[in-house]
Amino acid sequence: MRYGAMNETYKTKHYEDATVYKKHSTPIVHYAKPSITDLEKKYVLDAVTNGWGAHCYKYVEQLEKEFAGYIGTKYAIATSSCTGALTLGLAAAGMNAKRIMLADINWIATLAPVLHLHNIPMLTDIDPINWCIDHGPTTEDPDVIIATHLYGNLCDMEKLLNYSELSNVPIIEDAAEALGSEYNGKKAGSMGLFGVFSFHGTKTMTTGEGGMLVTNDEALYNKALTLSNHGRNPKETRMFWPKTIGYKFKMSNLQAAMGCAQLERIDKLVDRKREIFYTYRHLLEGLPISMNPEPSHTKNSYWMPTIVFDYETCIAKEHAISSLSNVNVDARPFFWPLSMLPIPEIIAYSFTSKHHNKNAYSISARGVNLPNYYDMTDADIKLITDTIKKLVEEI
Ligand SMILES: *Cc1c(COP(=O)(O)O)cnc(C)c1O
């Protein structure tokens, strides 16, 4: 399947074509898969055996402390998911009926908490090189910006933080896909008002389901802690005495035990992501594609090696994904622009986005995420790169 001009017909066709993405019954090469060793098993077995009563938060407290240490923030709160962490952080920051700017290219998990808390999303275009938010000129300033570091790539933090300083608009980092990425020596997630991470089974480090909120802001931390525990202030001496309506987004001690083991191995997990990316890049050298960038002042943890076919190739992501599927490789489509989704709450805000977010629409149509997990082999990678080479030769 090829495409021509970037017109309305093409966009509509894409949406209908979404039905071609079926779950594979027997993929040989998965798109993501956790790396589980004896260490994870040992900690989880200890938690399930001994982690009750007086020890029921032992691993949760350990994970929060060690994670904050790894990211380089003062505080961390373990949560049941990244979506929960973002909801908690936005609520603690008083985000209600505010204008929240985020990239049109994002997973729905970043937008849903914005809408649940009754904020107004401003969906902006993406940078053509790093595929993250491009905060260009706008007619009105947002109240806050959510900077999502896509596929391990970093947003242009210098530009965003300069803007933030001049305008007093806080930056929130969704670093779910960028655990281990660095900007000027600082870890993704540590540079804004707060940062959030996901430990879903497909992410660089996993607890099955889980997430984390990190911050250096003491007031925000205390508010988030109270909200995360059904509105109970940790200093309150009376039992069962909430002072506000909060949330229940806690991580269990069992999940935290697994997280502690994964965090002990984090350098290995990130190094392996980078090694696999280099192998892809080497084998795909010279093809008319672009891949995740790594500007000189950054480190990319390459959660998802992603290829974007040059516009002139006329190769659509569906075509590449179905070719890979034919050799039992589970590749994934670049996120759809949020403004393209048939969701009423989004449509209400997305009309201008469709016409202005040219990079989002164009790059999404040509982008494919390639498998990247600890135990994949060089032969797996070669099967994938050979398939992509063949596709390009056919044009
Ligand atoms: C995975 C992901 C999330 C959601 O994480 P959950 O733990 O599933 O809630 C949010 N934002 C981004 C960018 C993600 O990739």
# chains A, B, ... in the order shown; residues from 1 in each chain; ligands from 1
>>> residues_near_ligand(ligand="ligand 1", cutoff="9 Å", atoms="only C-alpha atoms and all ligand atoms", output="NGL selection string")
:A and (79-86 or 106-111 or 148-151 or 174-178 or 196-203 or 209-212)
>>> closest_residue(among="A:Lys74, A:Lys268, A:His230, A:Lys235", to="Met191 in chain A", atoms="only C-alpha atoms")
A:Lys74
>>> closest_atom_pairs(of="range 140-198 of chain A", to="range 299-305 of chain A", cutoff="7 Å", atoms="only C-alpha atoms", output="JSON lines")
{"residue": "A:Tyr151", "atom": "CA", "partner": "A:Met304", "partner_atom": "CA", "distance": 5.0}
{"residue": "A:Gly152", "atom": "CA", "partner": "A:Tyr302", "partner_atom": "CA", "distance": 4.6}
{"residue": "A:Asn153", "atom": "CA", "partner": "A:Asn300", "partner_atom": "CA", "distance": 5.7}
{"residue": "A:Glu177", "atom": "CA", "partner": "A:Trp303", "partner_atom": "CA", "distance": 5.9}
{"residue": "A:Ala178", "atom": "CA", "partner": "A:Ser301", "partner_atom": "CA", "distance": 6.2}
{"residue": "A:Leu179", "atom": "CA", "partner": "A:Ser301", "partner_atom": "CA", "distance": 6.9}
{"residue": "A:Gly180", "atom": "CA", "partner": "A:Ser301", "partner_atom": "CA", "distance": 5.6}
{"residue": "A:Ser181", "atom": "CA", "partner": "A:Asn300", "partner_atom": "CA", "distance": 4.8}
{"residue": "A:Glu182", "atom": "CA", "partner": "A:Lys299", "partner_atom": "CA", "distance": 4.8}
{"residue": "A:Tyr183", "atom": "CA", "partner": "A:Lys299", "partner_atom": "CA", "distance": 6.6}
>>> residues_around(residues="Ile289 in chain A", least_positions_apart="3", cutoff="9 Å", atoms="only C-alpha atoms", output="PDB file with all heavy atoms, in the first residue's frame")
ATOM      1  N   LEU A 284      20.875  -0.988   8.852  1.00  0.00           N
ATOM      2  CA  LEU A 284      19.952  -0.223   8.001  1.00  0.00           C
ATOM      3  C   LEU A 284      20.634   0.995   7.352  1.00  0.00           C
ATOM      4  O   LEU A 284      19.982   1.786   6.677  1.00  0.00           O
ATOM      5  CB  LEU A 284      18.754   0.259   8.830  1.00  0.00           C
ATOM      6  CG  LEU A 284      17.804  -0.833   9.333  1.00  0.00           C
ATOM      7  CD1 LEU A 284      16.808  -0.267  10.335  1.00  0.00           C
ATOM      8  CD2 LEU A 284      17.066  -1.508   8.170  1.00  0.00           C
ATOM      9  N   GLU A 285      21.928   1.089   7.555  1.00  0.00           N
ATOM     10  CA  GLU A 285      22.658   2.254   7.061  1.00  0.00           C
ATOM     11  C   GLU A 285      22.461   2.452   5.555  1.00  0.00           C
ATOM     12  O   GLU A 285      22.460   1.490   4.795  1.00  0.00           O
ATOM     13  CB  GLU A 285      24.154   2.063   7.347  1.00  0.00           C
ATOM     14  CG  GLU A 285      24.825   3.370   7.651  1.00  0.00           C
ATOM     15  CD  GLU A 285      26.239   3.155   8.190  1.00  0.00           C
ATOM     16  OE1 GLU A 285      26.490   2.107   8.819  1.00  0.00           O
ATOM     17  OE2 GLU A 285      27.051   4.044   7.956  1.00  0.00           O
ATOM     18  N   GLY A 286      22.270   3.691   5.150  1.00  0.00           N
ATOM     19  CA  GLY A 286      22.158   4.002   3.728  1.00  0.00           C
ATOM     20  C   GLY A 286      20.737   3.945   3.194  1.00  0.00           C
ATOM     21  O   GLY A 286      20.481   4.369   2.071  1.00  0.00           O
ATOM     22  N   ILE A 307      11.766   3.583  12.901  1.00  0.00           N
ATOM     23  CA  ILE A 307      12.186   4.061  11.585  1.00  0.00           C
ATOM     24  C   ILE A 307      11.056   4.882  10.983  1.00  0.00           C
ATOM     25  O   ILE A 307       9.877   4.548  11.126  1.00  0.00           O
ATOM     26  CB  ILE A 307      12.557   2.907  10.614  1.00  0.00           C
ATOM     27  CG1 ILE A 307      11.422   1.878  10.501  1.00  0.00           C
ATOM     28  CG2 ILE A 307      13.839   2.206  11.064  1.00  0.00           C
ATOM     29  CD1 ILE A 307      11.651   0.841   9.410  1.00  0.00           C
ATOM     30  N   VAL A 308      11.424   5.976  10.329  1.00  0.00           N
ATOM     31  CA  VAL A 308      10.456   6.783   9.594  1.00  0.00           C
ATOM     32  C   VAL A 308      10.933   6.801   8.146  1.00  0.00           C
ATOM     33  O   VAL A 308      12.028   7.293   7.852  1.00  0.00           O
ATOM     34  CB  VAL A 308      10.370   8.214  10.162  1.00  0.00           C
ATOM     35  CG1 VAL A 308       9.428   9.060   9.314  1.00  0.00           C
ATOM     36  CG2 VAL A 308       9.894   8.182  11.615  1.00  0.00           C
ATOM     37  N   PHE A 309      10.145   6.204   7.273  1.00  0.00           N
ATOM     38  CA  PHE A 309      10.510   6.176   5.849  1.00  0.00           C
ATOM     39  C   PHE A 309      10.477   7.588   5.284  1.00  0.00           C
ATOM     40  O   PHE A 309       9.574   8.373   5.607  1.00  0.00           O
ATOM     41  CB  PHE A 309       9.531   5.285   5.059  1.00  0.00           C
ATOM     42  CG  PHE A 309       9.654   3.830   5.397  1.00  0.00           C
ATOM     43  CD1 PHE A 309       8.779   3.225   6.292  1.00  0.00           C
ATOM     44  CD2 PHE A 309      10.671   3.061   4.832  1.00  0.00           C
ATOM     45  CE1 PHE A 309       8.910   1.879   6.627  1.00  0.00           C
ATOM     46  CE2 PHE A 309      10.804   1.710   5.166  1.00  0.00           C
ATOM     47  CZ  PHE A 309       9.921   1.123   6.059  1.00  0.00           C
ATOM     48  N   ASP A 310      11.470   7.914   4.449  1.00  0.00           N
ATOM     49  CA  ASP A 310      11.466   9.224   3.787  1.00  0.00           C
ATOM     50  C   ASP A 310      10.162   9.384   3.008  1.00  0.00           C
ATOM     51  O   ASP A 310       9.640   8.411   2.447  1.00  0.00           O
ATOM     52  CB  ASP A 310      12.646   9.343   2.812  1.00  0.00           C
ATOM     53  CG  ASP A 310      13.976   9.507   3.542  1.00  0.00           C
ATOM     54  OD1 ASP A 310      13.975   9.564   4.797  1.00  0.00           O
ATOM     55  OD2 ASP A 310      15.019   9.556   2.855  1.00  0.00           O
ATOM     56  N   TYR A 311       9.685  10.622   2.966  1.00  0.00           N
ATOM     57  CA  TYR A 311       8.426  10.919   2.292  1.00  0.00           C
ATOM     58  C   TYR A 311       8.425  10.377   0.861  1.00  0.00           C
ATOM     59  O   TYR A 311       7.442   9.793   0.398  1.00  0.00           O
ATOM     60  CB  TYR A 311       8.215  12.445   2.296  1.00  0.00           C
ATOM     61  CG  TYR A 311       6.856  12.864   1.827  1.00  0.00           C
ATOM     62  CD1 TYR A 311       5.792  12.927   2.720  1.00  0.00           C
ATOM     63  CD2 TYR A 311       6.633  13.190   0.497  1.00  0.00           C
ATOM     64  CE1 TYR A 311       4.531  13.306   2.292  1.00  0.00           C
ATOM     65  CE2 TYR A 311       5.377  13.570   0.061  1.00  0.00           C
ATOM     66  CZ  TYR A 311       4.324  13.622   0.955  1.00  0.00           C
ATOM     67  OH  TYR A 311       3.095  13.991   0.535  1.00  0.00           O
ATOM     68  N   THR A 313       9.747   7.841  -0.451  1.00  0.00           N
ATOM     69  CA  THR A 313       9.650   6.382  -0.651  1.00  0.00           C
ATOM     70  C   THR A 313       8.203   5.952  -0.858  1.00  0.00           C
ATOM     71  O   THR A 313       7.943   4.896  -1.427  1.00  0.00           O
ATOM     72  CB  THR A 313      10.173   5.583   0.566  1.00  0.00           C
ATOM     73  OG1 THR A 313       9.321   5.873   1.688  1.00  0.00           O
ATOM     74  CG2 THR A 313      11.612   5.926   0.893  1.00  0.00           C
TER      75      THR A 313
END
>>> atom_distance(atom1="CA of Ala103 in chain A", atom2="CA of Asn357 in chain A")
9.3 Å
>>> select_by_dssp(residues="range 104-247 of chain A", states="strand (DSSP E)", output="list in words")
Ile120, Pro121, Met122, Leu123, Thr124, Val144, Ile145, Ile146, Ala147, Thr148, Ile171, Ile172, Glu173, Asp174, Glu182, Tyr183, Lys186, Lys187, Phe194, Gly195, Val196, Phe197, Ser198, Gly211, Met212, Leu213, Val214 and Thr215 of chain A
>>> write_last_selection(atoms="C-alpha atoms", output="compact mmCIF listing (two decimals), in the first residue's frame")
# COMPACT_ATOMS: atom_id res chain seq x y z
CA ILE A 120 -8.26 22.05 28.12
CA PRO A 121 -5.70 20.28 25.92
CA MET A 122 -3.68 22.27 23.39
CA LEU A 123 -2.40 19.69 20.90
CA THR A 124 0.70 20.97 19.16
CA VAL A 144 1.49 24.11 31.80
CA ILE A 145 3.34 22.02 29.21
CA ILE A 146 3.60 18.23 29.27
CA ALA A 147 6.83 17.25 27.56
CA THR A 148 6.72 13.59 26.51
CA ILE A 171 7.07 21.85 32.47
CA ILE A 172 5.93 18.35 33.38
CA GLU A 173 7.91 15.44 31.93
CA ASP A 174 6.25 12.23 30.79
CA GLU A 182 19.82 12.02 29.74
CA TYR A 183 19.90 15.68 28.73
CA LYS A 186 20.42 15.14 33.81
CA LYS A 187 18.07 12.18 33.74
CA PHE A 194 7.56 16.68 38.26
CA GLY A 195 8.21 13.64 36.09
CA VAL A 196 6.30 10.38 35.60
CA PHE A 197 7.40 6.88 34.60
CA SER A 198 5.71 3.63 33.62
CA GLY A 211 4.60 3.71 37.75
CA MET A 212 6.42 6.46 39.60
CA LEU A 213 6.11 10.17 40.22
CA VAL A 214 9.36 12.05 40.91
CA THR A 215 9.86 15.66 41.97
>>> closest_atom_pairs(of="range 172-263 of chain A", to="range 43-60 of chain A", cutoff="7 Å", atoms="only C-alpha atoms", output="Markdown table")
| residue | atom | partner | partner_atom | distance |
| --- | --- | --- | --- | --- |
| A:Asn253 | CA | A:Val60 | CA | 5.4 |
| A:Leu254 | CA | A:Ala47 | CA | 5.6 |
| A:Ala256 | CA | A:Val60 | CA | 5.1 |
| A:Ala257 | CA | A:Tyr59 | CA | 5.2 |
| A:Met258 | CA | A:Val44 | CA | 5.7 |
| A:Ala261 | CA | A:Tyr43 | CA | 6.8 |
>>> closest_residue(among="A:Pro295, A:Ser362, A:His282, A:Tyr349", to="Ala316 in chain A", atoms="only C-alpha atoms")
A:Ser362
>>> atom_distance(atom1="CA of Ile36 in chain A", atom2="CA of Glu275 in chain A")
18.5 Å
>>> closest_residue(among="A:Gly231, A:Pro333, A:Gly189, A:Pro113", to="Pro371 in chain A", atoms="only C-alpha atoms")
A:Pro333
